[in-house]
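> If it helps, the file is called final_1.cif and holds mmCIF, C-alpha atoms:
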data_input
loop_
_atom_site.label_atom_id
_atom_site.label_comp_id
_atom_site.auth_asym_id
_atom_site.auth_seq_id
_atom_site.Cartn_x
_atom_site.Cartn_y
_atom_site.Cartn_z
CA MET A 276 36.55 -3.44 -5.79
CA SER A 277 34.88 -6.02 -8.03
CA ALA A 278 35.19 -9.67 -7.04
CA SER A 279 37.54 -12.05 -8.81
CA PHE A 280 36.23 -15.05 -10.71
CA GLU A 281 37.35 -17.29 -7.83
CA GLU A 282 35.43 -15.21 -5.28
CA LYS A 283 32.31 -15.23 -7.46
CA SER A 284 32.74 -18.98 -7.72
CA VAL A 285 32.71 -19.23 -3.92
CA TRP A 286 29.49 -17.16 -3.79
CA ILE A 287 27.91 -19.50 -6.34
CA GLN A 288 28.95 -22.61 -4.40
CA LEU A 289 27.65 -21.12 -1.14
CA GLY A 290 24.35 -20.13 -2.79
CA ALA A 291 23.94 -23.60 -4.28
CA LEU A 292 24.74 -25.21 -0.95
CA VAL A 293 22.18 -23.04 0.88
CA VAL A 294 19.48 -23.77 -1.74
CA CYS A 295 20.26 -27.51 -1.78
CA GLY A 296 20.58 -27.74 2.02
CA SER A 297 17.35 -25.81 2.57
CA ILE A 298 15.36 -28.05 0.21
CA TYR A 299 16.74 -31.24 1.74
CA GLY A 300 16.57 -29.98 5.33
CA ALA A 301 12.97 -28.77 5.05
CA ILE A 302 11.62 -31.96 3.47
CA ALA A 303 13.77 -34.42 5.43
CA GLY A 304 12.91 -32.61 8.67
CA ARG A 305 9.19 -33.08 8.02
CA LEU A 306 9.69 -36.76 7.16
CA LEU A 307 11.68 -37.34 10.35
CA ALA A 308 9.04 -35.54 12.40
CA SER A 309 6.28 -37.65 10.85
CA GLY A 310 8.11 -40.87 11.69
CA VAL A 311 9.35 -41.95 8.25
CA ARG A 312 12.44 -44.12 8.76
CA GLU A 313 12.92 -45.72 5.33
CA MET A 314 16.22 -44.68 3.76
CA PRO A 315 15.02 -44.69 0.09
CA ALA A 316 12.71 -41.76 0.86
CA TYR A 317 15.64 -39.66 2.05
CA ALA A 318 17.86 -40.82 -0.81
CA ALA A 319 15.24 -39.60 -3.30
CA ILE A 320 15.06 -36.17 -1.68
CA PHE A 321 18.84 -35.99 -1.63
CA MET A 322 19.03 -36.82 -5.35
CA ILE A 323 16.49 -34.09 -6.15
CA ALA A 324 18.42 -31.58 -4.03
CA VAL A 325 21.68 -32.48 -5.80
CA VAL A 326 20.04 -32.05 -9.23
CA VAL A 327 18.72 -28.61 -8.16
CA MET A 328 22.21 -27.70 -6.92
CA VAL A 329 23.86 -28.74 -10.20
CA VAL A 330 21.32 -26.80 -12.29
CA PHE A 331 21.73 -23.74 -10.03
CA MET A 332 25.52 -23.89 -10.40
CA ILE A 333 25.44 -24.39 -14.19
CA VAL A 334 23.17 -21.36 -14.66
CA ALA A 335 25.15 -19.18 -12.22
CA TYR A 336 28.55 -20.12 -13.69
CA ALA A 337 27.27 -19.45 -17.21
CA MET A 338 26.07 -16.00 -16.16
CA VAL A 339 29.38 -15.16 -14.47
CA ALA A 340 31.38 -16.47 -17.43
CA LEU A 341 29.38 -14.35 -19.87
CA SER A 342 29.58 -11.20 -17.73
CA GLY A 343 33.34 -10.97 -17.32
CA ARG A 344 36.78 -12.40 -17.90
CA GLN A 345 37.71 -15.75 -16.41
CA GLU A 346 40.94 -16.05 -14.48
CA GLY A 347 42.55 -19.13 -13.05
CA SER A 348 43.31 -19.36 -9.36
CA ASP A 349 46.54 -17.85 -8.08
CA GLU A 350 48.59 -18.38 -4.92
CA ARG A 351 46.30 -16.17 -2.80
CA ASP A 352 43.23 -18.16 -3.85
CA ARG A 353 45.02 -21.41 -3.02
CA LEU A 354 46.15 -20.12 0.38
CA ILE A 355 42.63 -18.91 1.20
CA ALA A 356 41.14 -22.25 0.16
CA TRP A 357 43.69 -24.18 2.22
CA ARG A 358 43.23 -22.02 5.32
CA SER A 359 39.43 -22.15 5.19
CA GLU A 360 39.47 -25.94 4.81
CA HIS A 361 41.96 -26.17 7.67
CA ASN A 362 39.65 -24.12 9.90
CA SER A 363 36.40 -25.87 8.96
CA GLY A 364 37.50 -29.52 8.94
CA TRP A 365 36.64 -29.95 12.62
CA VAL A 366 32.91 -29.66 11.83
CA LEU A 367 33.03 -32.68 9.52
CA ALA A 368 35.23 -34.57 11.99
CA THR A 369 32.73 -33.88 14.78
CA GLY A 370 29.87 -35.07 12.54
CA VAL A 371 31.72 -38.27 11.62
CA LEU A 372 32.49 -39.03 15.28
CA THR A 373 28.85 -38.35 16.19
CA GLY A 374 27.76 -40.67 13.35
CA VAL A 375 30.07 -43.40 14.67
CA ALA A 376 28.66 -42.88 18.16
CA CYS A 377 25.12 -43.25 16.74
CA MET A 378 26.13 -46.57 15.15
CA VAL A 379 27.72 -47.79 18.38
CA LEU A 380 24.59 -46.82 20.32
CA GLY A 381 22.46 -48.70 17.79
CA LEU A 382 20.41 -45.74 16.57
CA GLU A 383 18.48 -46.09 13.32
CA ASN A 384 20.50 -45.70 10.13
CA VAL A 385 18.42 -42.74 9.07
CA TRP A 386 19.76 -40.70 12.00
CA THR A 387 23.37 -41.63 11.28
CA ALA A 388 22.99 -40.78 7.59
CA ASN A 389 21.37 -37.42 8.29
CA ILE A 390 23.94 -36.48 10.92
CA LEU A 391 26.73 -37.26 8.44
CA LEU A 392 24.98 -35.30 5.68
CA GLY A 393 24.30 -32.40 8.03
CA SER A 394 27.91 -32.21 9.13
CA LEU A 395 29.03 -32.30 5.48
CA PHE A 396 26.71 -29.38 4.64
CA LEU A 397 27.80 -27.42 7.71
CA ALA A 398 31.52 -28.03 7.09
CA GLU A 399 31.18 -26.94 3.46
CA GLY A 400 29.11 -23.92 4.46
CA LEU A 401 31.62 -22.86 7.10
CA GLY A 402 34.54 -23.41 4.71
CA LEU A 403 32.94 -21.29 1.97
CA SER A 404 31.96 -18.56 4.45
CA LEU A 405 35.53 -18.45 5.79
CA ARG A 406 36.86 -18.14 2.23
CA LEU A 407 34.63 -15.10 1.65
CA ARG A 408 35.79 -13.63 4.95
CA TYR A 409 39.45 -14.12 4.04
CA TYR A 410 38.88 -12.53 0.63
CA HIS A 411 37.52 -9.39 2.31
CA LYS A 412 39.49 -9.17 5.55
CA GLY A 413 42.79 -10.47 4.22
CA VAL A 414 44.74 -13.62 4.87
CA MET B 23 66.53 -13.62 23.19
CA SER B 24 64.41 -10.66 22.14
CA ILE B 25 62.37 -11.16 19.01
CA GLU B 26 61.80 -8.13 16.88
CA GLN B 27 58.51 -7.46 15.14
CA VAL B 28 58.79 -7.38 11.36
CA VAL B 29 56.75 -4.72 9.58
CA ILE B 30 56.58 -5.04 5.81
CA ARG B 31 55.20 -2.35 3.56
CA ASN B 32 55.39 -1.98 -0.17
CA GLU B 33 55.85 0.74 -2.76
CA ILE B 34 53.79 -0.86 -5.51
CA ARG B 35 51.28 1.99 -5.75
CA THR B 36 54.11 4.54 -6.13
CA LEU B 37 55.95 2.39 -8.65
CA ARG B 38 52.79 1.92 -10.71
CA THR B 39 52.29 5.68 -10.79
CA ARG B 40 55.89 6.16 -11.95
CA ALA B 41 55.42 3.51 -14.63
CA ASN B 42 53.01 5.70 -16.61
CA GLU B 43 50.09 5.02 -14.26
CA MET B 44 50.26 1.28 -14.86
CA SER B 45 46.92 -0.22 -13.88
CA GLN B 46 46.53 -3.01 -11.33
CA GLN B 47 45.18 -5.20 -14.13
CA ASP B 48 48.27 -4.59 -16.30
CA LEU B 49 50.57 -5.44 -13.40
CA ALA B 50 48.48 -8.50 -12.54
CA ASP B 51 48.65 -9.76 -16.13
CA ARG B 52 52.43 -9.34 -16.22
CA VAL B 53 52.94 -11.02 -12.84
CA GLY B 54 50.45 -13.81 -13.46
CA VAL B 55 48.01 -13.21 -10.60
CA SER B 56 44.53 -11.70 -10.41
CA ARG B 57 43.93 -7.95 -10.13
CA GLN B 58 42.34 -8.57 -6.73
CA THR B 59 45.57 -10.17 -5.51
CA ILE B 60 47.58 -7.10 -6.58
CA ASN B 61 45.05 -4.95 -4.72
CA ALA B 62 45.34 -7.14 -1.63
CA ILE B 63 49.15 -6.88 -1.76
CA GLU B 64 49.04 -3.09 -2.14
CA THR B 65 46.72 -2.72 0.84
CA ALA B 66 48.79 -5.16 2.94
CA LYS B 67 45.92 -7.65 3.22
CA TYR B 68 48.12 -10.29 1.66
CA PHE B 69 51.87 -10.86 1.65
CA PRO B 70 52.97 -12.59 -1.55
CA SER B 71 55.35 -15.49 -1.94
CA LEU B 72 58.98 -14.73 -2.78
CA GLU B 73 58.30 -15.84 -6.35
CA VAL B 74 55.52 -13.29 -6.88
CA ALA B 75 57.51 -10.62 -5.02
CA PHE B 76 60.46 -11.11 -7.37
CA ARG B 77 58.14 -11.07 -10.40
CA ILE B 78 56.68 -7.75 -9.26
CA ALA B 79 60.18 -6.33 -8.76
CA LYS B 80 61.16 -7.55 -12.24
CA VAL B 81 58.19 -5.77 -13.85
CA PHE B 82 59.35 -2.46 -12.34
CA GLU B 83 63.03 -3.31 -12.96
CA GLU B 84 63.82 -2.53 -9.35
CA PRO B 85 65.61 -4.57 -6.68
CA ILE B 86 63.14 -6.37 -4.44
CA ASP B 87 64.06 -4.27 -1.39
CA ARG B 88 62.90 -1.15 -3.26
CA VAL B 89 59.47 -2.71 -3.79
CA PHE B 90 59.05 -4.38 -0.40
CA VAL B 91 60.45 -2.42 2.52
CA CYS B 92 61.04 -4.18 5.79
CA ALA B 93 61.38 -2.53 9.20
CA PHE B 94 62.24 -4.22 12.49
CA LYS B 95 60.60 -2.99 15.67
CA ARG B 96 61.29 -4.05 19.23
CA ARG B 97 58.24 -5.62 20.86
#
What does this structure look like when you write it as structure tokens?

Amino acid sequence: MSASFEEKSVWIQLGALVVCGSIYGAIAGRLLASGVREMPAYAAIFMIAVVVMVVFMIVAYAMVALSGRQEGSDERDRLIAWRSEHNSGWVLATGVLTGVACMVLGLENVWTANILLGSLFLAEGLGLSLRLRYYHKGV
Amino acid sequence: MSIEQVVIRNEIRTLRTRANEMSQQDLADRVGVSRQTINAIETAKYFPSLEVAFRIAKVFEEPIDRVFVCAFKRR
């Protein structure tokens, strides 16, 4: 069974997230390990990763749009999106609480920012993975 | 109070065959959902809303209980 436009869209978003997260994670990890604590350095990497993600998504969406018919989302797509967000929200909540704990404990801002970013990436990744699972296993 | 288990199956595949081998895409276009959603309904991976269920029944000009068949089983 070929995938719907919505499912292909989820694959594109997951691919873009993995590419963007890998670029940021690899470079930011090295900076953290080498003792760099200035936020502008991380902000620059983040901006580059976001630009790469946007370009990746534009190219992928254009290819999908040219290769087949586009359909809007229907009630099943909306239910799948809602259920996956419902089941992945705890990751972001945990990251936010950990970030708050870092602030309370007086850790450097760079750690708080990266924990928040990491939890955002993980929550999005889990949400998109769950959507793909629900598309294949049923909801 | 004993609660009975509800088992819902559907006759969409049969009704499509009777309707001159209507394709899933044709049915999806007439109901207003994607072909993949029709496939998921047929294979019981997704149970549609009442609105979509009634739309499917209307396409086949059948009462809804001829399209979606419900059985109650004791747990």
> Pull out every residue of chain A sitting within 12 Å of chain B, counting only C-alpha atoms, and send them as a PyMOL selection string.
chain A and resi 276-282+344-355+408-414
> Gly290 in chain A: which residues within 10 Å, counting only C-alpha atoms, same-chain residues fewer than 4 positions away excluded, as a list in words?
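That gives Ser284, Val285, Trp286, Val294, Cys295, Gly296, Met328, Phe331, Met332, Ala335, Gly400 and Leu403 of chain A.
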> Any idea what's packed within 9 Å of Glu33 in chain B, counting all atoms listed in the file, ignoring anything in its chain fewer than 3 positions away? Could you give it as a PyMOL selection string?
chain B and resi 36-38+64+88-91
> Could you please determine the separation between CA of Asp48 in chain B and CA of Ile30 in chain B in Å, to one decimal place?
23.6 Å
> Run through the PyMOL selection byres ((chain A and resi 320-322) around 10) on the given coordinates and return the selected residues as a PyMOL selection string.
chain A and resi 295-296+298-300+302-303+315-319+323-328+392
> Using Å and a single decimal, report how far CA of Glu26 in chain B sits from CA of Ala93 in chain B.
9.5 Å
> Please return, as a PDB file with C-alpha atoms, keeping the file's coordinate frame, all polymer residues that have at least one atom within 10 Å of the point (30.8, -25.3, 11.2); use all atoms listed in the file and the file's own coordinate frame.

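This went into out_0.pdb:
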ATOM      1  CA  ASN A 362      39.650 -24.120   9.900  1.00  0.00           C
ATOM      2  CA  SER A 363      36.400 -25.870   8.960  1.00  0.00           C
ATOM      3  CA  GLY A 364      37.500 -29.520   8.940  1.00  0.00           C
ATOM      4  CA  TRP A 365      36.640 -29.950  12.620  1.00  0.00           C
ATOM      5  CA  VAL A 366      32.910 -29.660  11.830  1.00  0.00           C
ATOM      6  CA  LEU A 367      33.030 -32.680   9.520  1.00  0.00           C
ATOM      7  CA  THR A 369      32.730 -33.880  14.780  1.00  0.00           C
ATOM      8  CA  GLY A 370      29.870 -35.070  12.540  1.00  0.00           C
ATOM      9  CA  SER A 394      27.910 -32.210   9.130  1.00  0.00           C
ATOM     10  CA  LEU A 395      29.030 -32.300   5.480  1.00  0.00           C
ATOM     11  CA  PHE A 396      26.710 -29.380   4.640  1.00  0.00           C
ATOM     12  CA  LEU A 397      27.800 -27.420   7.710  1.00  0.00           C
ATOM     13  CA  ALA A 398      31.520 -28.030   7.090  1.00  0.00           C
ATOM     14  CA  GLU A 399      31.180 -26.940   3.460  1.00  0.00           C
ATOM     15  CA  GLY A 400      29.110 -23.920   4.460  1.00  0.00           C
ATOM     16  CA  LEU A 401      31.620 -22.860   7.100  1.00  0.00           C
ATOM     17  CA  GLY A 402      34.540 -23.410   4.710  1.00  0.00           C
ATOM     18  CA  SER A 404      31.960 -18.560   4.450  1.00  0.00           C
ATOM     19  CA  LEU A 405      35.530 -18.450   5.790  1.00  0.00           C
TER      20      LEU A 405
END
> Please report the interatomic distance between CA of Leu307 in chain A and CA of Leu380 in chain A in Å with one decimal.
18.9 Å
> If you apply the PyMOL selection byres ((chain A and resi 387) around 10) to this file, what residues do you get, as a list of chain:residue names?
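On the file shown, the PyMOL selection byres ((chain A and resi 387) around 10) covers A:Gly370, A:Val371, A:Thr373, A:Gly374, A:Val375, A:Ala376, A:Cys377, A:Met378, A:Gly381, A:Leu382, A:Glu383, A:Asn384, A:Val385, A:Trp386, A:Ala388, A:Asn389, A:Ile390, A:Leu391, A:Leu392, A:Gly393.
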> So that I can see what lies close to Val28 in chain B, please list as a PyMOL selection string the residues with an atom at most 10 Å from it, counting only C-alpha atoms and leaving out residues fewer than 3 positions away in the same chain.
chain B and resi 25+31+92-97
> For Glu360 in chain A, which residue among A:Leu292, A:Arg406, A:Val329, A:Lys283 is the nearest when counting all atoms listed in the file?
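Smallest separation from Glu360 in chain A among the options: A:Arg406.
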